[in-house]
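To be precise, the following lines are structure-v4.cif, and they hold mmCIF, C-alpha atoms.
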data_upload
loop_
_atom_site.label_atom_id
_atom_site.label_comp_id
_atom_site.auth_asym_id
_atom_site.auth_seq_id
_atom_site.Cartn_x
_atom_site.Cartn_y
_atom_site.Cartn_z
CA MET A 1 -17.72 12.79 14.10
CA ALA A 2 -20.72 14.74 15.22
CA ASP A 3 -24.05 13.57 16.52
CA SER A 4 -27.21 15.65 16.86
CA ASN A 5 -25.58 17.54 19.75
CA THR A 6 -22.48 18.25 17.62
CA GLU A 7 -20.29 16.16 19.92
CA HIS A 8 -17.85 14.05 17.93
CA ILE A 9 -16.13 10.80 18.50
CA ALA A 10 -12.80 12.32 19.51
CA LYS A 11 -14.37 14.15 22.44
CA LYS A 12 -16.49 11.16 23.43
CA ALA A 13 -13.47 8.87 23.33
CA ARG A 14 -11.48 11.14 25.65
CA GLU A 15 -14.36 11.61 28.08
CA ASN A 16 -15.26 7.90 28.12
CA THR A 17 -18.73 8.73 26.85
CA PRO A 18 -20.35 5.62 25.35
CA VAL A 19 -19.88 5.49 21.59
CA HIS A 20 -21.69 3.09 19.27
CA VAL A 21 -19.82 2.23 16.05
CA TRP A 22 -21.79 0.25 13.47
CA LEU A 23 -19.72 -1.43 10.75
CA ARG A 24 -21.96 -1.91 7.73
CA ASP A 25 -21.60 -4.60 5.09
CA GLU A 26 -20.27 -3.34 1.77
CA VAL A 27 -22.62 -3.52 -1.20
CA LYS A 28 -20.10 -2.74 -3.94
CA PRO A 29 -19.36 -5.97 -5.83
CA HIS A 30 -16.10 -7.65 -4.78
CA GLU A 31 -15.34 -5.05 -2.10
CA GLN A 32 -13.62 -7.19 0.53
CA ARG A 33 -11.79 -4.45 2.44
CA THR A 34 -12.96 -2.99 5.73
CA ALA A 35 -12.37 0.24 7.62
CA LEU A 36 -12.34 -1.65 10.93
CA THR A 37 -10.22 -4.75 11.49
CA PRO A 38 -10.97 -7.18 14.33
CA GLU A 39 -7.76 -6.03 16.04
CA ASN A 40 -8.91 -2.42 16.15
CA ALA A 41 -12.46 -3.44 16.98
CA ALA A 42 -11.05 -5.22 20.03
CA LYS A 43 -9.32 -2.00 21.11
CA LEU A 44 -12.59 -0.10 20.79
CA VAL A 45 -14.50 -2.68 22.82
CA GLU A 46 -11.81 -2.59 25.50
CA ALA A 47 -12.10 1.21 25.60
CA GLY A 48 -15.85 0.94 26.29
CA PHE A 49 -17.25 1.36 22.78
CA THR A 50 -20.24 -0.62 21.56
CA VAL A 51 -19.34 -2.17 18.21
CA SER A 52 -21.98 -3.71 15.97
CA VAL A 53 -20.84 -5.55 12.85
CA GLU A 54 -23.17 -6.46 10.01
CA ARG A 55 -22.78 -10.01 8.80
CA THR A 56 -20.93 -9.97 5.50
CA THR A 57 -22.43 -11.13 2.21
CA ASN A 58 -19.47 -9.82 0.20
CA ASP A 59 -16.61 -11.99 1.50
CA ARG A 60 -15.17 -9.37 3.84
CA CYS A 61 -11.47 -10.16 4.27
CA PHE A 62 -12.03 -10.85 7.97
CA PRO A 63 -14.77 -13.39 8.76
CA ASP A 64 -17.65 -12.48 11.07
CA GLU A 65 -16.41 -14.84 13.76
CA GLU A 66 -13.21 -12.83 14.26
CA TYR A 67 -15.28 -9.79 15.24
CA GLU A 68 -17.57 -11.81 17.48
CA LYS A 69 -14.59 -13.26 19.35
CA VAL A 70 -13.37 -9.81 20.39
CA GLY A 71 -16.73 -8.66 21.76
CA CYS A 72 -18.54 -7.19 18.77
CA THR A 73 -22.24 -7.84 18.26
CA LEU A 74 -23.12 -9.37 14.90
CA VAL A 75 -26.24 -7.87 13.32
CA GLU A 76 -28.27 -8.41 10.18
CA THR A 77 -26.73 -7.43 6.86
CA GLY A 78 -27.92 -4.04 5.65
CA SER A 79 -29.73 -3.21 8.89
CA TRP A 80 -27.94 0.10 9.52
CA PRO A 81 -31.01 2.25 8.63
CA LYS A 82 -32.67 0.72 11.72
CA ALA A 83 -29.65 1.21 13.98
CA PRO A 84 -30.04 3.31 17.14
CA LYS A 85 -29.95 7.01 16.32
CA ASP A 86 -26.67 7.52 18.18
CA ALA A 87 -24.89 4.82 16.17
CA ILE A 88 -22.15 6.07 13.87
CA ILE A 89 -22.27 4.10 10.62
CA LEU A 90 -18.82 3.12 9.36
CA GLY A 91 -18.11 1.80 5.87
CA LEU A 92 -15.86 2.28 2.88
CA LYS A 93 -17.63 2.55 -0.45
CA GLU A 94 -21.00 3.81 -1.63
CA LEU A 95 -24.35 3.21 0.02
CA PRO A 96 -27.14 1.24 -1.65
CA GLU A 97 -28.99 3.34 -4.22
CA SER A 98 -32.10 4.93 -2.75
CA THR A 99 -33.86 8.24 -2.29
CA GLU A 100 -34.68 7.62 1.38
CA PRO A 101 -33.53 10.33 3.82
CA ILE A 102 -30.53 9.38 5.99
CA SER A 103 -30.65 10.30 9.66
CA HIS A 104 -27.39 8.73 10.87
CA ASP A 105 -23.89 10.12 10.74
CA HIS A 106 -21.83 8.12 8.24
CA ILE A 107 -18.10 7.70 7.75
CA PHE A 108 -17.21 6.48 4.24
CA PHE A 109 -15.84 7.48 0.85
CA ALA A 110 -18.90 9.40 -0.33
CA HIS A 111 -17.34 10.69 -3.57
CA CYS A 112 -19.64 13.70 -3.61
CA PHE A 113 -17.55 16.64 -2.37
CA LYS A 114 -15.84 17.35 -5.71
CA GLY A 115 -18.84 17.56 -8.00
CA GLN A 116 -18.86 13.88 -8.94
CA GLU A 117 -21.84 12.30 -10.65
CA GLY A 118 -24.82 12.03 -8.30
CA TRP A 119 -23.32 14.24 -5.60
CA ARG A 120 -26.37 16.48 -5.21
CA GLU A 121 -28.81 13.59 -4.82
CA LEU A 122 -26.68 11.94 -2.13
CA MET A 123 -26.21 15.19 -0.22
CA GLN A 124 -29.96 15.79 -0.36
CA ARG A 125 -30.62 12.44 1.32
CA PHE A 126 -28.44 13.45 4.27
CA LEU A 127 -29.83 16.98 4.47
CA SER A 128 -33.41 15.66 4.39
CA GLY A 129 -32.78 13.15 7.16
CA GLY A 130 -30.46 15.21 9.35
CA GLY A 131 -27.42 12.96 8.94
CA THR A 132 -23.83 14.00 8.31
CA ILE A 133 -21.14 12.67 6.00
CA TYR A 134 -17.62 12.40 7.37
CA ASP A 135 -15.88 11.67 4.09
CA LEU A 136 -12.80 9.50 4.56
CA GLU A 137 -11.10 11.38 1.74
CA PHE A 138 -11.43 14.63 3.73
CA LEU A 139 -10.12 13.52 7.11
CA LYS A 140 -7.07 15.76 7.20
CA ARG A 141 -4.47 17.18 9.55
CA ASP A 142 -2.38 20.16 8.43
CA GLY A 143 -3.81 19.73 4.94
CA MET A 144 -2.74 16.09 4.62
CA ARG A 145 -5.04 13.08 4.70
CA VAL A 146 -4.60 11.12 7.91
CA ALA A 147 -5.55 7.79 6.37
CA ALA A 148 -5.54 6.58 2.80
CA PHE A 149 -5.45 3.45 0.68
CA GLY A 150 -3.05 5.29 -1.60
CA ARG A 151 -0.03 3.02 -1.44
CA PRO A 152 -1.91 -0.26 -2.09
CA ALA A 153 -3.95 1.52 -4.78
CA GLY A 154 -0.71 2.47 -6.49
CA ILE A 155 0.65 -1.06 -6.17
CA ILE A 156 -2.45 -2.74 -7.58
CA GLY A 157 -3.09 -0.05 -10.18
CA CYS A 158 0.44 -0.37 -11.47
CA ALA A 159 0.24 -4.16 -11.53
CA ALA A 160 -3.04 -3.95 -13.45
CA GLY A 161 -1.46 -1.61 -16.00
CA VAL A 162 1.48 -3.95 -16.55
CA LEU A 163 -0.85 -6.96 -16.84
CA LEU A 164 -2.90 -5.05 -19.42
CA TRP A 165 0.28 -4.49 -21.43
CA THR A 166 1.29 -8.16 -21.26
CA HIS A 167 -2.22 -9.12 -22.36
CA GLN A 168 -1.90 -6.79 -25.35
CA GLN A 169 1.40 -8.39 -26.33
CA ARG A 170 -0.28 -11.80 -26.42
CA GLN A 171 -3.08 -10.33 -28.54
CA ARG A 172 -0.52 -8.94 -30.97
CA VAL A 173 0.31 -12.51 -31.90
CA ARG A 174 -3.39 -13.33 -32.41
CA VAL A 175 -4.03 -10.22 -34.51
CA ALA A 176 -0.93 -10.88 -36.64
CA GLY A 177 -2.37 -14.33 -37.32
CA GLY A 178 -5.64 -12.87 -38.58
CA GLU A 179 -7.68 -13.38 -35.40
CA SER A 180 -9.49 -10.74 -33.33
CA ALA A 181 -8.04 -9.49 -30.06
CA GLU A 182 -9.65 -11.06 -27.02
CA PRO A 183 -10.70 -9.03 -23.97
CA MET A 184 -8.48 -8.95 -20.90
CA ALA A 185 -9.21 -11.64 -18.31
CA PRO A 186 -10.84 -10.60 -15.02
CA LEU A 187 -8.53 -9.34 -12.28
CA ARG A 188 -8.33 -11.47 -9.16
CA VAL A 189 -7.62 -11.15 -5.44
CA TYR A 190 -4.09 -11.86 -4.20
CA ALA A 191 -3.16 -13.23 -0.79
CA SER A 192 -0.20 -10.87 -0.51
CA GLU A 193 1.90 -8.32 -2.33
CA ASP A 194 4.58 -10.98 -2.78
CA ALA A 195 2.10 -13.19 -4.63
CA LEU A 196 1.13 -10.27 -6.88
CA VAL A 197 4.77 -9.47 -7.70
CA ALA A 198 5.47 -13.12 -8.51
CA HIS A 199 2.50 -13.29 -10.90
CA VAL A 200 3.39 -10.10 -12.78
CA ARG A 201 7.04 -11.12 -13.09
CA GLU A 202 5.93 -14.46 -14.51
CA GLU A 203 3.74 -12.73 -17.11
CA LEU A 204 6.53 -10.37 -18.16
CA GLU A 205 9.00 -13.21 -18.51
CA ALA A 206 6.51 -15.18 -20.61
CA VAL A 207 5.87 -12.25 -22.95
CA ARG A 208 9.58 -11.96 -23.68
CA GLN A 209 9.38 -15.40 -25.28
CA LEU A 210 6.50 -14.59 -27.65
CA PRO A 211 7.17 -14.92 -31.41
CA GLY A 212 8.32 -11.63 -32.87
CA GLN A 213 8.37 -9.84 -29.53
CA THR A 214 10.50 -6.74 -30.09
CA CYS A 215 9.81 -4.89 -26.83
CA GLN A 216 11.65 -6.78 -24.10
CA THR A 217 11.53 -4.05 -21.45
CA PRO A 218 8.44 -1.83 -21.55
CA VAL A 219 8.60 1.75 -20.29
CA ALA A 220 6.12 2.74 -17.58
CA LEU A 221 5.54 6.44 -16.87
CA VAL A 222 4.14 7.10 -13.39
CA MET A 223 2.41 10.46 -12.97
CA GLY A 224 2.37 11.75 -9.37
CA ALA A 225 5.35 9.59 -8.43
CA LEU A 226 6.11 11.49 -5.21
CA GLY A 227 2.68 10.96 -3.68
CA ARG A 228 1.27 8.01 -1.74
CA VAL A 229 -0.31 6.38 -4.78
CA GLY A 230 2.55 7.09 -7.15
CA GLY A 231 5.04 5.97 -4.52
CA GLY A 232 3.23 2.65 -4.33
CA ALA A 233 3.38 2.32 -8.11
CA VAL A 234 7.12 3.08 -8.25
CA HIS A 235 7.74 0.66 -5.37
CA PHE A 236 5.93 -2.09 -7.25
CA LEU A 237 7.87 -1.47 -10.46
CA GLN A 238 11.12 -1.58 -8.54
CA ARG A 239 10.16 -4.99 -7.17
CA LEU A 240 9.93 -6.32 -10.73
CA GLY A 241 13.71 -6.34 -10.86
CA GLY A 242 14.34 -4.36 -14.03
CA LEU A 243 11.69 -6.05 -16.18
CA VAL A 244 10.03 -2.64 -16.62
CA GLU A 245 11.83 0.69 -17.13
CA ILE A 246 10.55 3.37 -14.73
CA VAL A 247 9.93 7.01 -15.64
CA ALA A 248 8.79 8.96 -12.55
CA TRP A 249 7.01 12.29 -13.08
CA ASP A 250 5.60 14.75 -10.57
CA LYS A 251 4.89 18.49 -10.40
CA GLU A 252 8.27 19.57 -11.75
CA GLU A 253 7.91 17.55 -14.93
CA THR A 254 4.32 18.76 -15.53
CA ALA A 255 4.87 22.45 -14.73
CA LYS A 256 4.62 23.50 -18.38
CA GLY A 257 1.14 22.02 -18.71
CA GLY A 258 -0.14 19.22 -20.90
CA PRO A 259 -0.91 17.38 -23.06
CA PHE A 260 2.43 15.55 -23.01
CA LYS A 261 3.64 13.55 -25.99
CA GLU A 262 6.11 11.86 -23.61
CA ILE A 263 3.18 9.92 -22.18
CA ALA A 264 2.26 8.71 -25.66
CA GLU A 265 5.86 7.58 -26.12
CA ALA A 266 5.79 5.30 -23.05
CA ASP A 267 4.33 1.79 -23.24
CA ILE A 268 2.39 2.02 -19.99
CA PHE A 269 0.96 5.10 -18.26
CA ILE A 270 -0.01 5.07 -14.57
CA ASN A 271 -1.96 8.14 -13.45
CA SER A 272 -1.88 8.58 -9.69
CA ILE A 273 -2.38 12.27 -9.02
CA TYR A 274 -4.83 13.76 -6.51
CA LEU A 275 -7.04 16.04 -8.58
CA GLU A 276 -7.94 19.25 -6.74
CA ALA A 277 -8.73 21.70 -9.55
CA LYS A 278 -9.06 21.91 -13.30
CA ILE A 279 -5.76 21.41 -15.13
CA ALA A 280 -4.78 20.94 -18.75
CA PRO A 281 -5.18 17.28 -19.71
CA PHE A 282 -2.09 15.11 -19.38
CA ILE A 283 -3.08 13.14 -22.46
CA ASP A 284 -5.89 13.38 -24.98
CA THR A 285 -6.97 11.49 -28.06
CA ALA A 286 -5.45 14.00 -30.49
CA THR A 287 -2.04 13.71 -28.83
CA VAL A 288 -2.22 9.93 -28.96
CA LEU A 289 -3.18 9.84 -32.63
CA ASN A 290 -0.76 12.57 -33.70
CA THR A 291 2.38 11.23 -32.03
CA PRO A 292 4.28 9.31 -34.76
CA THR A 293 6.50 7.70 -32.11
CA ARG A 294 3.54 6.48 -30.03
CA ARG A 295 4.14 3.31 -28.03
CA LEU A 296 1.41 3.87 -25.47
CA THR A 297 -1.15 1.06 -25.38
CA ALA A 298 -1.94 0.54 -21.67
CA VAL A 299 -3.29 3.19 -19.28
CA SER A 300 -4.12 2.55 -15.63
CA ASP A 301 -5.96 5.56 -14.25
CA VAL A 302 -5.69 4.90 -10.53
CA SER A 303 -7.11 8.36 -9.76
CA CYS A 304 -10.39 7.50 -11.54
CA ASP A 305 -11.67 11.04 -12.00
CA TYR A 306 -13.66 10.12 -15.10
CA THR A 307 -16.90 11.48 -13.58
CA SER A 308 -15.25 14.84 -12.88
CA PRO A 309 -15.51 17.66 -15.43
CA ASN A 310 -11.78 18.19 -14.76
CA ASN A 311 -10.63 14.69 -15.70
CA PRO A 312 -7.02 15.08 -16.96
CA ILE A 313 -7.02 11.74 -18.82
CA ALA A 314 -9.14 12.95 -21.73
CA ILE A 315 -9.31 9.70 -23.68
CA TYR A 316 -12.17 7.88 -21.94
CA GLN A 317 -15.45 8.58 -20.11
CA LYS A 318 -16.40 5.46 -18.16
CA GLY A 319 -15.07 3.23 -15.40
CA THR A 320 -14.18 -0.42 -15.71
CA SER A 321 -14.54 -3.39 -13.38
CA PHE A 322 -12.68 -6.41 -12.08
CA GLU A 323 -14.72 -8.64 -14.41
CA GLU A 324 -14.12 -6.43 -17.46
CA PRO A 325 -10.95 -4.51 -16.62
CA GLU A 326 -10.26 -2.71 -19.89
CA ASP A 327 -12.06 0.00 -21.80
CA ARG A 328 -10.63 -0.38 -25.31
CA VAL A 329 -10.39 3.17 -26.66
CA ILE A 330 -8.59 2.20 -29.88
CA GLU A 331 -9.12 -1.28 -31.29
CA HIS A 332 -6.20 -3.62 -31.93
CA THR A 333 -5.73 -4.29 -35.64
CA ALA A 334 -2.90 -5.51 -37.82
CA ASP A 335 -1.97 -1.94 -38.77
CA GLN A 336 -2.96 -0.07 -35.61
CA LEU A 337 -1.68 -0.15 -32.04
CA PRO A 338 -4.43 -0.58 -29.46
CA LEU A 339 -5.13 1.78 -26.57
CA ALA A 340 -7.00 0.60 -23.51
CA VAL A 341 -7.74 2.07 -20.08
CA ILE A 342 -8.22 0.44 -16.70
CA ALA A 343 -10.24 2.69 -14.35
CA ILE A 344 -11.37 0.86 -11.22
CA ASP A 345 -12.07 2.95 -8.13
CA HIS A 346 -11.50 0.27 -5.48
CA LEU A 347 -8.31 -1.41 -6.63
CA PRO A 348 -6.91 -2.06 -3.11
CA THR A 349 -9.59 -4.69 -2.56
CA LEU A 350 -7.39 -7.01 -4.64
CA LEU A 351 -5.03 -6.94 -1.63
CA PRO A 352 -7.83 -6.81 0.93
CA ARG A 353 -6.20 -7.92 4.18
CA GLU A 354 -2.93 -6.05 3.79
CA SER A 355 -4.62 -2.84 2.69
CA SER A 356 -7.28 -3.05 5.43
CA VAL A 357 -4.70 -3.58 8.17
CA ASN A 358 -2.62 -0.66 6.92
CA TYR A 359 -5.62 1.64 6.62
CA GLY A 360 -7.03 0.59 9.99
CA GLU A 361 -3.80 1.48 11.75
CA GLN A 362 -3.87 4.97 10.21
CA MET A 363 -7.50 5.51 11.20
CA TYR A 364 -7.12 4.28 14.76
CA ALA A 365 -4.15 6.59 15.34
CA ASN A 366 -6.41 9.59 14.68
CA LEU A 367 -9.51 8.47 16.55
CA ASP A 368 -9.22 11.11 19.28
CA THR A 369 -7.86 13.98 17.16
CA ASP A 370 -10.34 16.89 17.25
CA PRO A 371 -9.23 18.93 14.20
CA VAL A 372 -9.51 15.91 11.92
CA TRP A 373 -13.21 15.40 12.59
CA GLN A 374 -14.04 19.10 12.93
CA GLY A 375 -12.51 19.74 9.52
CA ALA A 376 -14.49 16.91 7.97
CA LYS A 377 -17.71 18.36 9.40
CA LYS A 378 -16.86 21.77 7.92
CA ASP A 379 -16.36 20.17 4.52
CA PHE A 380 -19.80 18.58 4.73
CA LEU A 381 -21.39 21.89 5.72
CA ARG A 382 -19.56 23.66 2.88
CA ILE A 383 -21.06 21.27 0.31
CA ALA A 384 -24.42 21.37 2.05
CA ALA A 385 -24.50 25.16 1.60
CA GLN A 386 -24.05 24.69 -2.15
CA VAL A 387 -27.08 22.40 -2.28
CA SER A 388 -29.17 24.76 -0.16
CA SER A 389 -28.29 27.82 -2.26
CA ASP A 390 -29.52 26.26 -5.51
#
Could you express the structure from this file as structure tokens?
Amino acid sequence: MADSNTEHIAKKARENTPVHVWLRDEVKPHEQRTALTPENAAKLVEAGFTVSVERTTNDRCFPDEEYEKVGCTLVETGSWPKAPKDAIILGLKELPESTEPISHDHIFFAHCFKGQEGWRELMQRFLSGGGTIYDLEFLKRDGMRVAAFGRPAGIIGCAAGVLLWTHQQRQRVRVAGGESAEPMAPLRVYASEDALVAHVREELEAVRQLPGQTCQTPVALVMGALGRVGGGAVHFLQRLGGLVEIVAWDKEETAKGGPFKEIAEADIFINSIYLEAKIAPFIDTATVLNTPTRRLTAVSDVSCDYTSPNNPIAIYQKGTSFEEPEDRVIEHTADQLPLAVIAIDHLPTLLPRESSVNYGEQMYANLDTDPVWQGAKKDFLRIAAQVSSD
């Protein structure tokens, strides 16, 4: 991370130069994860760092008192704009909406380096104030991200897709009886992965007993199965003990280019690729409607690139939420299969403690690694040049 003198946290950590890390409260609804656990905060304090922690108003998965016990200073929620200039502001998801210039260096998932919606306005705030974005998505070593929520995102995203399918099976019975399909219930937080697996298994077993249920073992196609996210999805499906048939696809299976009718022929589709450039869509509305053997009804787009002009899941245009998980693209009627998409960009918060601990360990291991932070600064300057040239 760089300050106004272009020194970054790796160098400061090695030279025992005082570093002030300021953990901000998350403003995204239901975001309970954190980039800094009390355990790692304790290590920073012991190493001579100053650590300020904003009091949480969003049910952070670790209570304020755990940070205070290890030597962190609790500060007012949302007070980071008034933090000392040398403080490095650490968070996960987006900042509060504003047009005010930003003078601090921030570490978070900015979602503005790939042309996403609102990227120019956010970059302009930092350029106007003199701050820098160290985007967590772009902290890399040898081309690979050093820390990611990929595996828990795959686990939760896959679970959400399966739960969407079980919900649709229940609605089949309602629609057959002349009633309208009800919306999917809100998604909830789970204490552990084991608890999540138990719940999904219970739902699948219950669906098998529904009147007229012909599909006993749904087929789930996981796109990007060899990556972190896809690996998490496959792992989760394997834990279901054969209640879902797994089809794992990666680059080899998609080499010919989409759209792929094989996706339309699965019951559940989990998209977990890392989108780097424009590609032919994996699935589009025409393919869905023109596949006579279509079984696809439930899509979980873990990648959530719906704001990108290169979105490869060309059947929807908006994100969903924990309160309203599904975007129903095709309505459920007596003579028509439904099609719905789940697209939530902070799925791991449904396993907040486990995912935060895992992510924190990855981050802490790279705290004093120069190329990681230097590369992230170069990425910021690269995007900044695009704004300045317009």
ask   = Do you know which residues are at most 6 Å from segment 256-263 of chain A counting all atoms listed in the file, after dropping those on the same chain fewer than 6 positions away, and could you put them as an MDAnalysis selection string?
value = chainID A and resid 280:283
request  = Rank A:Glu100, A:Glu26, A:Glu137, A:Glu179 by their smallest atom-to-atom distance to Met363 of chain A, using only C-alpha atoms, and report the top residue only.
outcome  = A:Glu137
Taking the file as I've supplied it (selection: the PyMOL selection byres ((chain A and resi 91-93) around 9)), which residues are included? Please answer as a PDB file with C-alpha atoms, in the coordinates of the input.
ATOM      1  CA  TRP A  22     -21.790   0.250  13.470  1.00  0.00           C
ATOM      2  CA  LEU A  23     -19.720  -1.430  10.750  1.00  0.00           C
ATOM      3  CA  ARG A  24     -21.960  -1.910   7.730  1.00  0.00           C
ATOM      4  CA  ASP A  25     -21.600  -4.600   5.090  1.00  0.00           C
ATOM      5  CA  GLU A  26     -20.270  -3.340   1.770  1.00  0.00           C
ATOM      6  CA  VAL A  27     -22.620  -3.520  -1.200  1.00  0.00           C
ATOM      7  CA  LYS A  28     -20.100  -2.740  -3.940  1.00  0.00           C
ATOM      8  CA  GLU A  31     -15.340  -5.050  -2.100  1.00  0.00           C
ATOM      9  CA  ARG A  33     -11.790  -4.450   2.440  1.00  0.00           C
ATOM     10  CA  THR A  34     -12.960  -2.990   5.730  1.00  0.00           C
ATOM     11  CA  ALA A  35     -12.370   0.240   7.620  1.00  0.00           C
ATOM     12  CA  LEU A  36     -12.340  -1.650  10.930  1.00  0.00           C
ATOM     13  CA  ILE A  89     -22.270   4.100  10.620  1.00  0.00           C
ATOM     14  CA  LEU A  90     -18.820   3.120   9.360  1.00  0.00           C
ATOM     15  CA  GLU A  94     -21.000   3.810  -1.630  1.00  0.00           C
ATOM     16  CA  LEU A  95     -24.350   3.210   0.020  1.00  0.00           C
ATOM     17  CA  HIS A 106     -21.830   8.120   8.240  1.00  0.00           C
ATOM     18  CA  ILE A 107     -18.100   7.700   7.750  1.00  0.00           C
ATOM     19  CA  PHE A 108     -17.210   6.480   4.240  1.00  0.00           C
ATOM     20  CA  PHE A 109     -15.840   7.480   0.850  1.00  0.00           C
ATOM     21  CA  ALA A 110     -18.900   9.400  -0.330  1.00  0.00           C
ATOM     22  CA  HIS A 111     -17.340  10.690  -3.570  1.00  0.00           C
ATOM     23  CA  LEU A 136     -12.800   9.500   4.560  1.00  0.00           C
ATOM     24  CA  HIS A 346     -11.500   0.270  -5.480  1.00  0.00           C
TER      25      HIS A 346
END
query = Once the PyMOL selection byres ((chain A and resi 168-177) around 9) has been applied to the shown file, what residues remain in the selection, as a ChimeraX atom specification?
reply = /A:163-167,178-184,207,210-213,297-298,332-334,337-338
Store the residues picked out above in a file with C-alpha atoms, as a compact mmCIF listing (two decimals), in the coordinates of the input.
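Saved as result-v4.txt:
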# COMPACT_ATOMS: atom_id res chain seq x y z
CA LEU A 163 -0.85 -6.96 -16.84
CA LEU A 164 -2.90 -5.05 -19.42
CA TRP A 165 0.28 -4.49 -21.43
CA THR A 166 1.29 -8.16 -21.26
CA HIS A 167 -2.22 -9.12 -22.36
CA GLY A 178 -5.64 -12.87 -38.58
CA GLU A 179 -7.68 -13.38 -35.40
CA SER A 180 -9.49 -10.74 -33.33
CA ALA A 181 -8.04 -9.49 -30.06
CA GLU A 182 -9.65 -11.06 -27.02
CA PRO A 183 -10.70 -9.03 -23.97
CA MET A 184 -8.48 -8.95 -20.90
CA VAL A 207 5.87 -12.25 -22.95
CA LEU A 210 6.50 -14.59 -27.65
CA PRO A 211 7.17 -14.92 -31.41
CA GLY A 212 8.32 -11.63 -32.87
CA GLN A 213 8.37 -9.84 -29.53
CA THR A 297 -1.15 1.06 -25.38
CA ALA A 298 -1.94 0.54 -21.67
CA HIS A 332 -6.20 -3.62 -31.93
CA THR A 333 -5.73 -4.29 -35.64
CA ALA A 334 -2.90 -5.51 -37.82
CA LEU A 337 -1.68 -0.15 -32.04
CA PRO A 338 -4.43 -0.58 -29.46
ask   = So, counting all atoms listed in the file, which residue among A:Pro152, A:Asp368, A:Gly115, A:Asp59 is closest to Asn311 of chain A?
value =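 Checking each of A:Pro152, A:Asp368, A:Gly115, A:Asp59 against Asn311 of chain A, counting all atoms listed in the file, the winner is A:Gly115.
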task = Find the residues near Val387 of chain A: any atom within 12 Å, counting only C-alpha atoms, skip ones fewer than 2 places away on the same chain, and give them as a PyMOL selection string.
result = chain A and resi 112-113+115+119-128+380-385+389-390
ask   = Could you write out as an MDAnalysis selection string the residues that the PyMOL selection byres ((chain A and resi 326) around 9) matches in the shown file?
value = chainID A and resid 164 183:184 319:322 324:325 327:329 340:343
All residues 6 Å or closer to segment 188-199 of chain A, only C-alpha atoms, same chain fewer than 3 positions away omitted, as a PyMOL selection string = chain A and resi 202+350-351
task = Please write as a list in words the list of polymer residues whose atoms come within 7 Å of (-10.7, 5.6, -13.7), counting all atoms listed in the file and keeping to the coordinates of the file.
result = Asp301, Val302, Ser303, Cys304, Asp305, Tyr306, Gly319, Ile342, Ala343, Ile344 and Asp345 of chain A
Would you export the selected residues with C-alpha atoms as a PDB file, in the frame of the given file, please?
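Result saved to again04.pdb:
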ATOM      1  CA  ASP A 301      -5.960   5.560 -14.250  1.00  0.00           C
ATOM      2  CA  VAL A 302      -5.690   4.900 -10.530  1.00  0.00           C
ATOM      3  CA  SER A 303      -7.110   8.360  -9.760  1.00  0.00           C
ATOM      4  CA  CYS A 304     -10.390   7.500 -11.540  1.00  0.00           C
ATOM      5  CA  ASP A 305     -11.670  11.040 -12.000  1.00  0.00           C
ATOM      6  CA  TYR A 306     -13.660  10.120 -15.100  1.00  0.00           C
ATOM      7  CA  GLY A 319     -15.070   3.230 -15.400  1.00  0.00           C
ATOM      8  CA  ILE A 342      -8.220   0.440 -16.700  1.00  0.00           C
ATOM      9  CA  ALA A 343     -10.240   2.690 -14.350  1.00  0.00           C
ATOM     10  CA  ILE A 344     -11.370   0.860 -11.220  1.00  0.00           C
ATOM     11  CA  ASP A 345     -12.070   2.950  -8.130  1.00  0.00           C
TER      12      ASP A 345
END
task = State, in Å with one decimal place, the distance from atom CA of Gly232 of chain A to atom CA of Leu347 of chain A.
result =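 Straight-line distance from atom CA of Gly232 of chain A to atom CA of Leu347 of chain A works out to 12.4 Å.
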task = In Å, rounded to a single decimal, give me how far atom CA of Arg201 of chain A is from atom CA of Ala264 of chain A.
result =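 The value is 24.0 Å.
Using only C-alpha atoms, the smallest distance between any of A:Arg353, A:Gly161, A:Ala153, A:Thr287 and Ile273 of chain A comes from A:Ala153.
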task = Find the residue from A:Gln336, A:Ser356, A:Thr132, A:Gln317 that sits nearest to Ile102 of chain A; use all atoms listed in the file when measuring.
result =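 Of A:Gln336, A:Ser356, A:Thr132, A:Gln317, the one nearest Ile102 of chain A, counting all atoms listed in the file, is A:Thr132.
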ask   = With only C-alpha atoms as the basis for distance, which of A:Gly241, A:Pro18, A:Pro186, A:Gly154 is at the shortest distance from Glu323 of chain A?
value =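 Answer, going by the shortest atom-to-atom distance: A:Pro186.
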query = Quick one: distance from atom CA of Thr369 of chain A to atom CA of Glu39 of chain A in Å, one decimal?
reply =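 These two atoms are separated by 20.0 Å.
Remark: for Leu74 of chain A, the closest of the candidate residues A:Glu54, A:Asp86, A:Asp335, A:Glu253 is A:Glu54 (distances computed over only C-alpha atoms).
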query = Do you know which residues are at most 10 Å from His104 of chain A counting all atoms listed in the file, after dropping those on the same chain fewer than 4 positions away, and could you put them as number ranges by chain?
reply = A: 2-4, 80-89, 126, 129-133
Writing out the chosen residues with C-alpha atoms as a short mmCIF file (atom, residue, chain, number, x, y, z; two decimals), keeping the file's coordinate frame:
data_model
loop_
_atom_site.label_atom_id
_atom_site.label_comp_id
_atom_site.auth_asym_id
_atom_site.auth_seq_id
_atom_site.Cartn_x
_atom_site.Cartn_y
_atom_site.Cartn_z
CA ALA A 2 -20.72 14.74 15.22
CA ASP A 3 -24.05 13.57 16.52
CA SER A 4 -27.21 15.65 16.86
CA TRP A 80 -27.94 0.10 9.52
CA PRO A 81 -31.01 2.25 8.63
CA LYS A 82 -32.67 0.72 11.72
CA ALA A 83 -29.65 1.21 13.98
CA PRO A 84 -30.04 3.31 17.14
CA LYS A 85 -29.95 7.01 16.32
CA ASP A 86 -26.67 7.52 18.18
CA ALA A 87 -24.89 4.82 16.17
CA ILE A 88 -22.15 6.07 13.87
CA ILE A 89 -22.27 4.10 10.62
CA PHE A 126 -28.44 13.45 4.27
CA GLY A 129 -32.78 13.15 7.16
CA GLY A 130 -30.46 15.21 9.35
CA GLY A 131 -27.42 12.96 8.94
CA THR A 132 -23.83 14.00 8.31
CA ILE A 133 -21.14 12.67 6.00
#
